[in-house]
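Participant: Pasting protein_19.cif here (mmCIF, C-alpha atoms):
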```cif
data_model
#
loop_
_atom_site.label_atom_id
_atom_site.label_comp_id
_atom_site.auth_asym_id
_atom_site.auth_seq_id
_atom_site.Cartn_x
_atom_site.Cartn_y
_atom_site.Cartn_z
CA MET A 21 -17.56 -66.43 -233.03
CA PRO A 22 -16.91 -69.85 -231.42
CA ALA A 23 -16.03 -69.92 -227.74
CA THR A 24 -12.36 -70.32 -226.91
CA ARG A 25 -11.64 -73.72 -225.43
CA SER A 26 -9.70 -73.58 -222.14
CA PRO A 27 -6.32 -75.31 -222.25
CA ARG A 28 -6.31 -78.70 -220.57
CA VAL A 29 -4.61 -78.77 -217.15
CA PRO A 30 -2.77 -82.07 -216.49
CA ALA A 31 -4.05 -84.13 -213.57
CA GLU A 32 -0.72 -83.96 -211.75
CA GLU A 33 -0.77 -80.16 -211.87
CA ARG A 34 -4.41 -80.09 -210.71
CA LEU A 35 -3.63 -82.30 -207.68
CA PHE A 36 -0.56 -80.22 -206.82
CA SER A 37 -2.60 -77.02 -207.09
CA LEU A 38 -5.31 -78.47 -204.86
CA VAL A 39 -2.77 -79.42 -202.18
CA LEU A 40 -1.13 -76.00 -202.33
CA ALA A 41 -4.49 -74.23 -202.06
CA LEU A 42 -5.56 -76.29 -199.05
CA LEU A 43 -2.23 -75.64 -197.35
CA SER A 44 -2.73 -71.90 -197.85
CA THR A 45 -5.82 -71.62 -195.66
CA GLU A 46 -6.36 -72.02 -191.92
CA SER A 47 -10.16 -71.98 -192.01
CA GLY A 48 -10.52 -74.25 -195.04
CA LEU A 49 -12.20 -73.84 -198.43
CA THR A 50 -15.65 -74.94 -199.54
CA LYS A 51 -16.12 -77.07 -202.63
CA GLY A 52 -17.51 -74.06 -204.47
CA GLU A 53 -14.49 -71.93 -203.60
CA ILE A 54 -12.14 -74.66 -204.77
CA LEU A 55 -13.94 -75.23 -208.08
CA ALA A 56 -14.17 -71.52 -208.82
CA ASN A 57 -10.58 -70.56 -207.95
CA VAL A 58 -8.09 -73.42 -208.02
CA GLN A 59 -6.00 -74.17 -211.09
CA GLY A 60 -7.37 -77.18 -212.96
CA TYR A 61 -10.96 -76.62 -211.82
CA ARG A 62 -11.63 -72.94 -212.46
CA GLN A 63 -10.94 -73.35 -216.19
CA ARG A 64 -13.99 -75.62 -216.45
CA TYR A 65 -16.17 -74.03 -213.75
CA THR A 66 -19.46 -72.42 -214.82
CA PRO A 67 -20.79 -69.90 -212.26
CA GLY A 68 -24.42 -70.75 -211.53
CA GLY A 69 -24.32 -73.57 -214.10
CA ASP A 70 -24.15 -77.35 -214.13
CA ASN A 71 -20.84 -78.39 -212.55
CA ALA A 72 -21.80 -81.97 -211.66
CA SER A 73 -18.99 -83.51 -213.70
CA LEU A 74 -16.44 -81.16 -212.14
CA GLU A 75 -17.74 -81.99 -208.64
CA ARG A 76 -17.26 -85.70 -209.34
CA GLN A 77 -13.71 -84.92 -210.48
CA PHE A 78 -13.07 -83.13 -207.19
CA GLU A 79 -14.39 -86.13 -205.20
CA ARG A 80 -11.98 -88.44 -207.06
CA ASP A 81 -9.12 -85.99 -206.57
CA LYS A 82 -9.76 -85.90 -202.82
CA ASP A 83 -9.40 -89.69 -202.72
CA ASP A 84 -6.20 -89.56 -204.78
CA VAL A 85 -4.69 -86.91 -202.51
CA ARG A 86 -5.50 -88.96 -199.42
CA GLU A 87 -4.05 -92.09 -201.00
CA LEU A 88 -0.80 -90.16 -201.44
CA GLY A 89 -0.68 -89.79 -197.66
CA VAL A 90 -1.82 -86.15 -197.50
CA PRO A 91 -3.84 -85.42 -194.29
CA LEU A 92 -6.84 -83.73 -195.96
CA GLU A 93 -9.43 -82.74 -193.33
CA THR A 94 -13.16 -82.11 -193.70
CA ILE A 95 -14.70 -79.49 -191.40
CA GLU A 96 -18.45 -79.09 -190.87
CA THR A 97 -19.89 -75.58 -190.57
CA PRO A 98 -21.63 -75.02 -187.22
CA GLY A 99 -25.39 -75.14 -187.67
CA ALA A 100 -25.15 -76.79 -191.08
CA THR A 101 -24.43 -80.41 -190.15
CA GLY A 102 -24.83 -82.77 -193.09
CA ASN A 103 -24.79 -80.01 -195.73
CA ASN A 104 -22.10 -81.06 -198.21
CA GLN A 105 -22.10 -77.65 -199.87
CA THR A 106 -20.92 -75.92 -196.69
CA LEU A 107 -18.23 -78.44 -195.81
CA ARG A 108 -14.77 -76.92 -195.70
CA TYR A 109 -11.55 -78.67 -196.67
CA ARG A 110 -8.02 -77.99 -195.47
CA ILE A 111 -4.61 -79.61 -194.91
CA PRO A 112 -3.23 -78.86 -191.44
CA LYS A 113 0.20 -77.51 -192.30
CA GLY A 114 1.80 -78.72 -189.09
CA GLU A 115 0.91 -82.30 -189.99
CA TYR A 116 2.33 -81.99 -193.50
CA ASP A 117 5.57 -80.14 -192.78
CA LEU A 118 8.98 -81.65 -193.25
CA PRO A 119 10.87 -82.33 -189.99
CA GLU A 120 12.49 -79.15 -188.70
CA ASP A 121 15.99 -80.55 -189.22
CA VAL A 122 15.32 -81.37 -192.89
CA ARG A 123 15.96 -78.50 -195.30
CA PHE A 124 17.00 -78.46 -198.95
CA THR A 125 19.04 -75.92 -200.87
CA PRO A 126 17.78 -74.79 -204.31
CA ASP A 127 20.38 -77.06 -205.94
CA GLU A 128 19.24 -80.03 -203.87
CA SER A 129 15.60 -79.37 -204.72
CA ALA A 130 16.49 -79.24 -208.40
CA LEU A 131 18.31 -82.56 -208.14
CA LEU A 132 15.30 -84.12 -206.39
CA SER A 133 13.05 -82.95 -209.24
CA LEU A 134 15.43 -84.43 -211.80
CA ALA A 135 15.55 -87.70 -209.86
CA ALA A 136 11.75 -87.86 -209.78
CA MET A 137 11.62 -87.35 -213.54
CA ALA A 138 13.98 -90.27 -214.06
CA TRP A 139 12.51 -92.48 -211.33
CA ARG A 140 9.03 -92.78 -212.81
CA GLU A 141 8.49 -96.52 -212.75
CA GLY A 142 9.38 -99.48 -210.53
CA ALA A 143 8.33 -100.64 -207.12
CA LEU A 144 8.84 -97.27 -205.43
CA SER A 145 7.15 -95.01 -208.00
CA ALA A 146 4.24 -94.29 -205.64
CA ASP A 147 6.66 -93.28 -202.88
CA SER A 148 8.52 -91.10 -205.36
CA ARG A 149 5.36 -89.25 -206.35
CA ARG A 150 4.28 -88.92 -202.72
CA ALA A 151 7.64 -87.47 -201.66
CA LEU A 152 7.81 -85.05 -204.58
CA LEU A 153 4.29 -83.73 -203.92
CA LYS A 154 5.18 -83.08 -200.29
CA LEU A 155 8.51 -81.42 -201.06
CA ARG A 156 6.98 -79.08 -203.62
CA SER A 157 3.94 -78.28 -201.48
CA VAL A 158 5.84 -77.33 -198.32
CA GLY A 159 8.80 -75.81 -200.11
CA GLY A 160 7.47 -72.27 -200.48
CA THR A 161 4.76 -69.83 -199.48
CA ASP A 162 3.06 -66.89 -201.08
CA ASP A 163 3.05 -63.67 -199.07
CA ASP A 164 -0.36 -62.78 -200.48
CA GLY A 165 -1.88 -65.82 -198.72
CA GLU A 166 -5.57 -66.47 -199.27
CA ASP A 167 -6.13 -63.18 -201.13
CA ALA A 168 -3.92 -64.43 -203.95
CA LEU A 169 -6.02 -67.57 -204.20
CA ALA A 170 -8.97 -65.55 -205.43
CA ASP A 171 -7.37 -64.86 -208.79
CA GLY A 172 -5.28 -68.03 -208.96
CA ARG A 173 -1.92 -66.32 -208.34
CA ALA A 174 -1.10 -68.40 -205.26
CA VAL A 175 -1.53 -71.54 -207.31
CA ASP A 176 -0.20 -70.48 -210.71
CA ALA A 177 3.05 -69.20 -209.19
CA TYR A 178 3.91 -72.75 -208.20
CA ALA A 179 2.91 -74.60 -211.38
CA PRO A 180 5.04 -77.76 -211.30
CA ARG A 181 7.36 -78.59 -214.16
CA LEU A 182 7.24 -82.33 -213.50
CA ARG A 183 5.00 -84.48 -215.68
CA ALA A 184 4.80 -87.94 -214.09
CA ARG A 185 3.00 -89.60 -217.00
CA ASP A 186 3.63 -92.83 -218.81
CA ALA A 187 5.12 -92.62 -222.29
CA ALA A 188 1.95 -94.09 -223.81
CA PHE A 189 -0.26 -91.25 -222.53
CA GLU A 190 0.22 -88.69 -225.30
CA PRO A 191 -0.11 -91.06 -228.29
CA LEU A 192 -3.23 -92.61 -226.74
CA ARG A 193 -4.77 -89.21 -226.10
CA ALA A 194 -4.01 -88.25 -229.70
CA ALA A 195 -5.69 -91.47 -230.89
CA LEU A 196 -8.78 -90.60 -228.86
CA ASP A 197 -8.90 -87.13 -230.43
CA ARG A 198 -8.62 -88.69 -233.91
CA ALA A 199 -11.10 -91.53 -233.21
CA ALA A 200 -8.40 -94.00 -234.25
CA ALA A 201 -7.69 -97.61 -233.36
CA VAL A 202 -4.32 -98.35 -231.77
CA ARG A 203 -1.83 -101.18 -231.59
CA PHE A 204 0.66 -101.63 -228.75
CA ASP A 205 2.61 -104.31 -226.88
CA TYR A 206 1.31 -105.00 -223.37
CA ILE A 207 2.89 -107.10 -220.67
CA THR A 208 0.62 -108.69 -218.07
CA PRO A 209 1.77 -109.42 -214.49
CA GLY A 210 3.62 -112.71 -214.22
CA SER A 211 4.51 -112.74 -217.92
CA THR A 212 8.00 -112.27 -219.29
CA LYS A 213 6.90 -111.55 -222.85
CA ALA A 214 4.64 -108.77 -224.10
CA ARG A 215 1.65 -109.48 -226.31
CA THR A 216 0.34 -107.15 -229.02
CA ARG A 217 -3.11 -105.67 -228.37
CA GLN A 218 -5.32 -104.01 -230.96
CA VAL A 219 -8.01 -101.84 -229.42
CA ALA A 220 -10.32 -98.89 -229.94
CA PRO A 221 -9.59 -96.36 -227.13
CA LEU A 222 -12.67 -95.26 -225.18
CA ALA A 223 -11.20 -93.05 -222.44
CA LEU A 224 -8.09 -92.23 -220.45
CA VAL A 225 -8.89 -92.23 -216.75
CA GLN A 226 -6.95 -91.83 -213.54
CA HIS A 227 -7.93 -94.16 -210.70
CA GLY A 228 -6.03 -94.53 -207.47
CA GLY A 229 -3.34 -92.20 -208.78
CA ARG A 230 -2.58 -94.33 -211.87
CA TRP A 231 -3.46 -93.76 -215.51
CA MET A 232 -5.50 -96.40 -217.31
CA LEU A 233 -6.86 -96.80 -220.80
CA ALA A 234 -10.45 -97.99 -221.15
CA ALA A 235 -10.70 -99.61 -224.57
CA HIS A 236 -12.61 -102.11 -226.70
CA GLU A 237 -10.37 -105.06 -227.57
CA PHE A 238 -11.10 -106.43 -231.03
CA ALA A 239 -9.73 -109.94 -230.42
CA THR A 240 -12.15 -110.67 -227.56
CA ASP A 241 -14.91 -108.21 -228.57
CA SER A 242 -14.95 -106.87 -225.01
CA ASP A 243 -14.17 -103.70 -223.07
CA LYS A 244 -11.05 -103.81 -220.90
CA ASN A 245 -8.85 -101.53 -218.83
CA TYR A 246 -5.12 -101.31 -219.52
CA LEU A 247 -2.61 -99.89 -217.07
CA LEU A 248 -0.45 -97.43 -219.01
CA SER A 249 2.69 -98.40 -217.12
CA ARG A 250 2.38 -101.90 -218.61
CA VAL A 251 2.39 -100.66 -222.20
CA VAL A 252 5.84 -101.34 -223.64
CA GLY A 253 7.23 -99.88 -226.83
CA PRO A 254 5.53 -97.45 -229.22
CA VAL A 255 1.79 -96.95 -229.75
CA SER A 256 0.75 -96.96 -233.42
CA THR A 257 -2.59 -95.78 -234.83
CA TYR A 258 -4.71 -97.00 -237.73
CA GLU A 259 -8.30 -96.71 -239.00
CA VAL A 260 -8.31 -93.01 -238.16
CA GLY A 261 -11.77 -91.47 -237.78
CA GLN A 262 -13.62 -94.79 -237.47
CA HIS A 263 -13.78 -95.33 -233.71
CA GLU A 264 -15.53 -92.41 -232.00
CA ALA A 265 -15.77 -93.04 -228.24
CA PRO A 266 -19.09 -92.47 -226.40
CA ALA A 267 -19.24 -89.19 -224.49
CA ASP A 268 -19.77 -90.98 -221.18
CA ALA A 269 -17.02 -93.59 -221.69
CA GLY A 270 -14.81 -92.11 -218.99
CA GLU A 271 -17.60 -92.02 -216.42
CA ARG A 272 -18.54 -95.61 -217.21
CA ALA A 273 -14.94 -96.79 -216.92
CA LEU A 274 -14.50 -95.10 -213.55
CA ALA A 275 -17.80 -96.53 -212.31
CA GLU A 276 -16.64 -100.05 -213.22
CA LEU A 277 -13.27 -99.50 -211.53
CA ASP A 278 -15.08 -98.23 -208.42
CA ARG A 279 -17.29 -101.34 -208.46
CA VAL A 280 -14.26 -103.62 -208.55
CA TRP A 281 -12.55 -101.52 -205.87
CA ALA A 282 -15.58 -101.82 -203.56
CA ASN A 283 -15.71 -105.61 -203.88
CA ARG A 284 -12.01 -106.36 -203.31
CA THR A 285 -10.42 -106.04 -199.88
CA ALA A 286 -7.18 -107.08 -198.24
CA THR A 287 -6.57 -107.39 -194.50
CA ILE A 288 -3.13 -106.32 -193.33
CA GLN A 289 -1.28 -106.02 -190.03
CA VAL A 290 0.86 -102.90 -189.73
CA ALA A 291 3.52 -102.00 -187.18
CA THR A 292 2.17 -99.58 -184.58
CA GLY A 293 3.35 -96.02 -185.13
CA SER A 294 5.01 -96.91 -188.43
CA ASP A 295 4.95 -94.99 -191.70
CA ALA A 296 2.84 -97.80 -193.14
CA GLU A 297 0.20 -97.32 -190.45
CA ARG A 298 0.03 -93.55 -190.97
CA ARG A 299 -0.23 -93.75 -194.75
CA LEU A 300 -2.35 -96.85 -195.27
CA ALA A 301 -4.86 -95.89 -192.59
CA ARG A 302 -5.64 -92.74 -194.61
CA ARG A 303 -6.37 -94.56 -197.84
CA ARG A 304 -9.87 -94.10 -199.19
CA GLY A 305 -12.32 -96.58 -197.64
CA THR A 306 -9.83 -98.09 -195.18
CA THR A 307 -11.42 -99.57 -192.05
CA THR A 308 -10.16 -101.40 -188.96
CA ASP A 309 -11.40 -104.88 -188.04
CA ALA A 310 -12.08 -106.25 -184.56
CA ASP A 311 -8.42 -107.28 -184.19
CA GLY A 312 -7.09 -103.82 -185.02
CA ARG A 313 -5.95 -104.80 -188.52
CA LEU A 314 -6.44 -102.54 -191.54
CA VAL A 315 -8.88 -103.55 -194.26
CA LEU A 316 -7.91 -101.98 -197.60
CA HIS A 317 -9.85 -101.78 -200.84
CA PHE A 318 -8.03 -102.32 -204.14
CA VAL A 319 -8.57 -102.88 -207.86
CA ASP A 320 -5.41 -104.62 -209.06
CA PRO A 321 -3.69 -107.14 -206.73
CA GLN A 322 -0.36 -106.55 -208.50
CA ILE A 323 -0.53 -102.81 -207.85
CA LEU A 324 -1.48 -103.35 -204.20
CA ALA A 325 1.36 -105.85 -203.74
CA GLU A 326 3.79 -103.35 -205.26
CA GLU A 327 2.67 -100.69 -202.80
CA LEU A 328 2.72 -102.94 -199.73
CA ALA A 329 6.13 -104.42 -200.55
CA ALA A 330 7.61 -100.90 -200.46
CA PHE A 331 6.88 -100.77 -196.70
CA GLY A 332 9.02 -103.87 -196.05
CA PRO A 333 8.70 -105.35 -192.53
CA GLU A 334 6.16 -102.73 -191.44
CA VAL A 335 3.39 -104.66 -193.23
CA ARG A 336 2.16 -108.25 -193.06
CA VAL A 337 -0.66 -109.37 -195.35
CA VAL A 338 -3.22 -111.54 -193.54
CA GLU A 339 -5.53 -112.14 -196.50
CA PRO A 340 -6.14 -112.79 -199.30
CA SER A 341 -3.35 -115.30 -199.78
CA ALA A 342 -2.95 -114.28 -203.43
CA VAL A 343 -1.90 -110.76 -202.41
CA ARG A 344 0.34 -112.14 -199.64
CA ASP A 345 2.11 -114.40 -202.15
CA LEU A 346 2.64 -111.47 -204.54
CA VAL A 347 4.17 -109.33 -201.78
CA CYS A 348 6.45 -112.18 -200.67
CA ALA A 349 7.57 -112.78 -204.26
CA ARG A 350 8.51 -109.10 -204.66
CA LEU A 351 10.49 -109.08 -201.42
CA GLU A 352 12.26 -112.29 -202.39
CA ARG A 353 13.26 -110.79 -205.74
CA LEU A 354 14.52 -107.69 -203.95
CA VAL A 355 16.72 -109.83 -201.69
CA GLN A 356 18.03 -111.78 -204.68
CA ASP A 357 18.83 -108.59 -206.57
CA HIS A 358 20.93 -107.34 -203.65
CA ASP A 359 22.49 -110.64 -202.68
CA ASP A 360 26.19 -110.38 -203.55
CA THR A 361 27.49 -113.95 -203.54
CA PRO A 362 31.25 -114.52 -202.94
CA GLY A 363 31.70 -115.47 -206.59
CA GLU A 364 30.07 -112.28 -207.79
CA ALA A 365 32.10 -110.20 -205.33
CA ALA A 366 35.33 -111.78 -206.59
CA ARG A 367 34.41 -111.02 -210.19
CA GLY A 368 33.51 -107.46 -209.28
#
```
Translate the structure of the given file into structure tokens.
Facilitator:
Amino acid sequence: MPATRSPRVPAEERLFSLVLALLSTESGLTKGEILANVQGYRQRYTPGGDNASLERQFERDKDDVRELGVPLETIETPGATGNNQTLRYRIPKGEYDLPEDVRFTPDESALLSLAAMAWREGALSADSRRALLKLRSVGGTDDDGEDALADGRAVDAYAPRLRARDAAFEPLRAALDRAAAVRFDYITPGSTKARTRQVAPLALVQHGGRWMLAAHEFATDSDKNYLLSRVVGPVSTYEVGQHEAPADAGERALAELDRVWANRTATIQVATGSDAERRLARRRGTTTDADGRLVLHFVDPQILAEELAAFGPEVRVVEPSAVRDLVCARLERLVQDHDDTPGEAARG
């Protein structure tokens, strides 16, 4: 009798479950405890078996959680310095609590969830996801504490209903399952008109908290990455069963994205004690230069500019100039969008 395949747990639910689990422990959890017990990992965990792929997933998830501004700590076990298998992970609850004077009624929490579902795109989408993750994570506790974690009850009881995915995700995943080519309209940064792309999907990957499609583009006979939020309109399939993706396509796509990420940096000045300083300083790979400025790694300059512009005057881009110009352009558009001229006010 064939083995039953475990249902796929969405990435957003896995990250939420990881945050909830790490908030539920004072002493922290080892990587093995997380993989064996937390929703989204335990379904794929093989006791005593090869879990290398799952461990790599956990390493990427840690980076994504930190990029969302979550203060994830790593604690070394006394007497086992340098042993990655005995490292313990936790989120200090006091550092991730809402201010004491901020409380939400059930109705208000429901409205916030509905707002997050509607507010999926735009310049503040990252802030929206960050805020929602925090609200849901600190919004309730399980009386069973760590004991409930052992059988997944502490995590499953808080399975989020929100699915912050792009509309193109499901049809692209279906195309991958059917080994089909796809056709969609894609708008590149700086363009006002979308262009049709015809590609063979290779993998759907999440990098830096955003979904991307790794695919082979027929027109250029090359492999490219497409940000799902830039796909406009419907995704159509054709040539079903003719484009089987390599088994390691996802790993290769992530490796290439990591290579680009490692080679691209931006130097920024942040206001001392600001929200920008707290959040950006915790991004994966962030360092501080001799002048006390933050040095960030990034893949897509447009995405980075979108994130930095959301912090307004708390951030000033030193270099590269291309990123600085993109941030300035976004802020200028924001001012124009909210500039009510006398003529417009009279007509209103």
Participant: Of the candidates A:His227, A:Arg193, A:His358, A:Arg304, which shows the shortest atom-to-atom distance to Gln77 in chain A, using only C-alpha atoms?
Facilitator: A:His227
Participant: Quote the spacing between CA of Ala234 in chain A and CA of Gly261 in chain A in Å to one decimal place.
Facilitator: 17.9 Å
Participant: Could you check how far CA of Val29 in chain A sits from CA of Trp231 in chain A, in Å to one decimal?
Facilitator: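 CA of Val29 in chain A sits 15.1 Å away from CA of Trp231 in chain A.
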Participant: So how many Å separate CA of Glu96 in chain A and CA of Asp278 in chain A, to one decimal?
Facilitator: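 Straight-line distance from CA of Glu96 in chain A to CA of Asp278 in chain A works out to 26.2 Å.
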Participant: I'd like the contact shell of Pro254 in chain A - 10 Å cut-off, all atoms listed in the file, skipping same-chain residues fewer than 6 positions apart - returned as a compact mmCIF listing (two decimals) with C-alpha atoms, keeping the file's coordinate frame.
Facilitator:
```txt
# COMPACT_ATOMS: atom_id res chain seq x y z
CA ALA A 187 5.12 -92.62 -222.29
CA ALA A 188 1.95 -94.09 -223.81
CA PRO A 191 -0.11 -91.06 -228.29
CA ARG A 203 -1.83 -101.18 -231.59
CA PHE A 204 0.66 -101.63 -228.75
CA ASP A 205 2.61 -104.31 -226.88
```
Participant: Can you work out which one of A:Arg350, A:Gln218, A:Ala235, A:Glu339 has the shortest atom-to-atom distance to Ile323 in chain A, counting only C-alpha atoms?
Facilitator: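 Smallest separation from Ile323 in chain A among the options: A:Arg350.
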Participant: Output the residue selection produced by the PyMOL selection byres ((chain A and resi 331) around 12) on the file above, formatted as a PyMOL selection string.
Facilitator: chain A and resi 143-144+146-147+288-291+294-300+324-330+332-337+347+350-351
Participant: Enumerate, as a list in words, the residues matched when the PyMOL selection byres ((chain A and resi 250) around 8) is run on the file above.
Facilitator: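 The output of the PyMOL selection byres ((chain A and resi 250) around 8) on this file is Tyr206, Ile207, Thr208, Tyr246, Leu247, Leu248, Ser249, Val251 and Val252 of chain A.
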Participant: Find the spatial neighbours of Leu74 in chain A, counting only C-alpha atoms, within a cut-off of 12 Å - ignore same-chain residues fewer than 2 positions away - and output them as JSON, numbers by chain.
Facilitator: {"A": [51, 52, 54, 55, 56, 60, 61, 62, 63, 64, 65, 66, 69, 70, 71, 72, 76, 77, 78, 79, 80, 81, 271]}
Participant: Ranking A:Glu53, A:Ala301, A:Asp241, A:Gly228 by minimum distance to Leu274 in chain A and counting all atoms listed in the file, which one comes first?
Facilitator: A:Gly228
Participant: Tell me which protein, DNA and RNA residues are within 12 Å of Lys82 in chain A, counting all atoms listed in the file, leaving out same-chain ones fewer than 2 positions away, and put them as a VMD selection string.
Facilitator: chain A and resid 34 to 36 38 to 39 42 51 54 75 to 80 84 to 94 109 to 111 227 to 229 302 to 304
Participant: Please return as a PyMOL selection string every residue within 12 Å of (-6.0, -95.1, -224.2), taking into account all atoms listed in the file and the file's own coordinates.
Facilitator: chain A and resi 186-204+217-226+231-237+243-249+251+255-257+265+269-270+273
Participant: Output C-alpha atoms for every residue in the selection just made, as a short mmCIF file (atom, residue, chain, number, x, y, z; two decimals), keeping the file's coordinate frame.
Facilitator:
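result24.cif, written as the output of this step:
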```
data_model
loop_
_atom_site.label_atom_id
_atom_site.label_comp_id
_atom_site.auth_asym_id
_atom_site.auth_seq_id
_atom_site.Cartn_x
_atom_site.Cartn_y
_atom_site.Cartn_z
CA ASP A 186 3.63 -92.83 -218.81
CA ALA A 187 5.12 -92.62 -222.29
CA ALA A 188 1.95 -94.09 -223.81
CA PHE A 189 -0.26 -91.25 -222.53
CA GLU A 190 0.22 -88.69 -225.30
CA PRO A 191 -0.11 -91.06 -228.29
CA LEU A 192 -3.23 -92.61 -226.74
CA ARG A 193 -4.77 -89.21 -226.10
CA ALA A 194 -4.01 -88.25 -229.70
CA ALA A 195 -5.69 -91.47 -230.89
CA LEU A 196 -8.78 -90.60 -228.86
CA ASP A 197 -8.90 -87.13 -230.43
CA ARG A 198 -8.62 -88.69 -233.91
CA ALA A 199 -11.10 -91.53 -233.21
CA ALA A 200 -8.40 -94.00 -234.25
CA ALA A 201 -7.69 -97.61 -233.36
CA VAL A 202 -4.32 -98.35 -231.77
CA ARG A 203 -1.83 -101.18 -231.59
CA PHE A 204 0.66 -101.63 -228.75
CA ARG A 217 -3.11 -105.67 -228.37
CA GLN A 218 -5.32 -104.01 -230.96
CA VAL A 219 -8.01 -101.84 -229.42
CA ALA A 220 -10.32 -98.89 -229.94
CA PRO A 221 -9.59 -96.36 -227.13
CA LEU A 222 -12.67 -95.26 -225.18
CA ALA A 223 -11.20 -93.05 -222.44
CA LEU A 224 -8.09 -92.23 -220.45
CA VAL A 225 -8.89 -92.23 -216.75
CA GLN A 226 -6.95 -91.83 -213.54
CA TRP A 231 -3.46 -93.76 -215.51
CA MET A 232 -5.50 -96.40 -217.31
CA LEU A 233 -6.86 -96.80 -220.80
CA ALA A 234 -10.45 -97.99 -221.15
CA ALA A 235 -10.70 -99.61 -224.57
CA HIS A 236 -12.61 -102.11 -226.70
CA GLU A 237 -10.37 -105.06 -227.57
CA ASP A 243 -14.17 -103.70 -223.07
CA LYS A 244 -11.05 -103.81 -220.90
CA ASN A 245 -8.85 -101.53 -218.83
CA TYR A 246 -5.12 -101.31 -219.52
CA LEU A 247 -2.61 -99.89 -217.07
CA LEU A 248 -0.45 -97.43 -219.01
CA SER A 249 2.69 -98.40 -217.12
CA VAL A 251 2.39 -100.66 -222.20
CA VAL A 255 1.79 -96.95 -229.75
CA SER A 256 0.75 -96.96 -233.42
CA THR A 257 -2.59 -95.78 -234.83
CA ALA A 265 -15.77 -93.04 -228.24
CA ALA A 269 -17.02 -93.59 -221.69
CA GLY A 270 -14.81 -92.11 -218.99
CA ALA A 273 -14.94 -96.79 -216.92
#
```
Participant: Would you list the contacts of range 318-321 of chain A as a PyMOL selection string, taking every protein, DNA or RNA residue within 7 Å and counting all atoms listed in the file, but skipping same-chain residues closer than 2 positions in sequence?
Facilitator: chain A and resi 277+280-281+284-285+316+323-325+343
Participant: Convert the output of the PyMOL selection byres ((chain A and resi 311-313) around 7) on the shown file into explicit residues, formatted as a short mmCIF file (atom, residue, chain, number, x, y, z; two decimals) with C-alpha atoms, in the coordinates of the input.
Facilitator:
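Listing of expr_19.cif after writing:
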```cif
data_model
loop_
_atom_site.label_atom_id
_atom_site.label_comp_id
_atom_site.auth_asym_id
_atom_site.auth_seq_id
_atom_site.Cartn_x
_atom_site.Cartn_y
_atom_site.Cartn_z
CA THR A 287 -6.57 -107.39 -194.50
CA ILE A 288 -3.13 -106.32 -193.33
CA GLN A 289 -1.28 -106.02 -190.03
CA THR A 308 -10.16 -101.40 -188.96
CA ASP A 309 -11.40 -104.88 -188.04
CA ALA A 310 -12.08 -106.25 -184.56
CA LEU A 314 -6.44 -102.54 -191.54
CA VAL A 315 -8.88 -103.55 -194.26
#
```
Participant: Is it possible to dump range 251-283 of chain A as a short mmCIF file (atom, residue, chain, number, x, y, z; two decimals), in the first residue's frame, including just C-alpha atoms?
Facilitator:
```cif
data_model
loop_
_atom_site.label_atom_id
_atom_site.label_comp_id
_atom_site.auth_asym_id
_atom_site.auth_seq_id
_atom_site.Cartn_x
_atom_site.Cartn_y
_atom_site.Cartn_z
CA VAL A 251 2.54 39.06 -12.45
CA VAL A 252 -0.61 40.83 -13.64
CA GLY A 253 -3.73 39.18 -14.94
CA PRO A 254 -4.41 35.45 -15.30
CA VAL A 255 -1.86 32.65 -15.72
CA SER A 256 -2.67 30.25 -18.58
CA THR A 257 -1.11 26.83 -19.18
CA TYR A 258 -0.23 24.94 -22.35
CA GLU A 259 1.95 22.01 -23.45
CA VAL A 260 0.87 20.03 -20.40
CA GLY A 261 3.20 17.18 -19.43
CA GLN A 262 6.13 18.37 -21.55
CA HIS A 263 8.17 20.45 -19.10
CA GLU A 264 9.17 18.37 -16.08
CA ALA A 265 11.30 20.46 -13.69
CA PRO A 266 14.56 19.02 -12.26
CA ALA A 267 14.24 17.76 -8.69
CA ASP A 268 16.86 20.21 -7.44
CA ALA A 269 15.47 23.26 -9.27
CA GLY A 270 14.33 24.93 -6.07
CA GLU A 271 17.68 24.48 -4.35
CA ARG A 272 19.51 25.84 -7.38
CA ALA A 273 17.22 28.87 -7.60
CA LEU A 274 17.71 29.68 -3.92
CA ALA A 275 21.48 29.25 -4.25
CA GLU A 276 21.55 31.75 -7.12
CA LEU A 277 19.39 34.22 -5.18
CA ASP A 278 21.73 33.86 -2.19
CA ARG A 279 24.72 34.51 -4.47
CA VAL A 280 23.16 37.74 -5.74
CA TRP A 281 22.17 38.71 -2.20
CA ALA A 282 25.75 38.23 -0.95
CA ASN A 283 27.21 40.42 -3.69
#
```
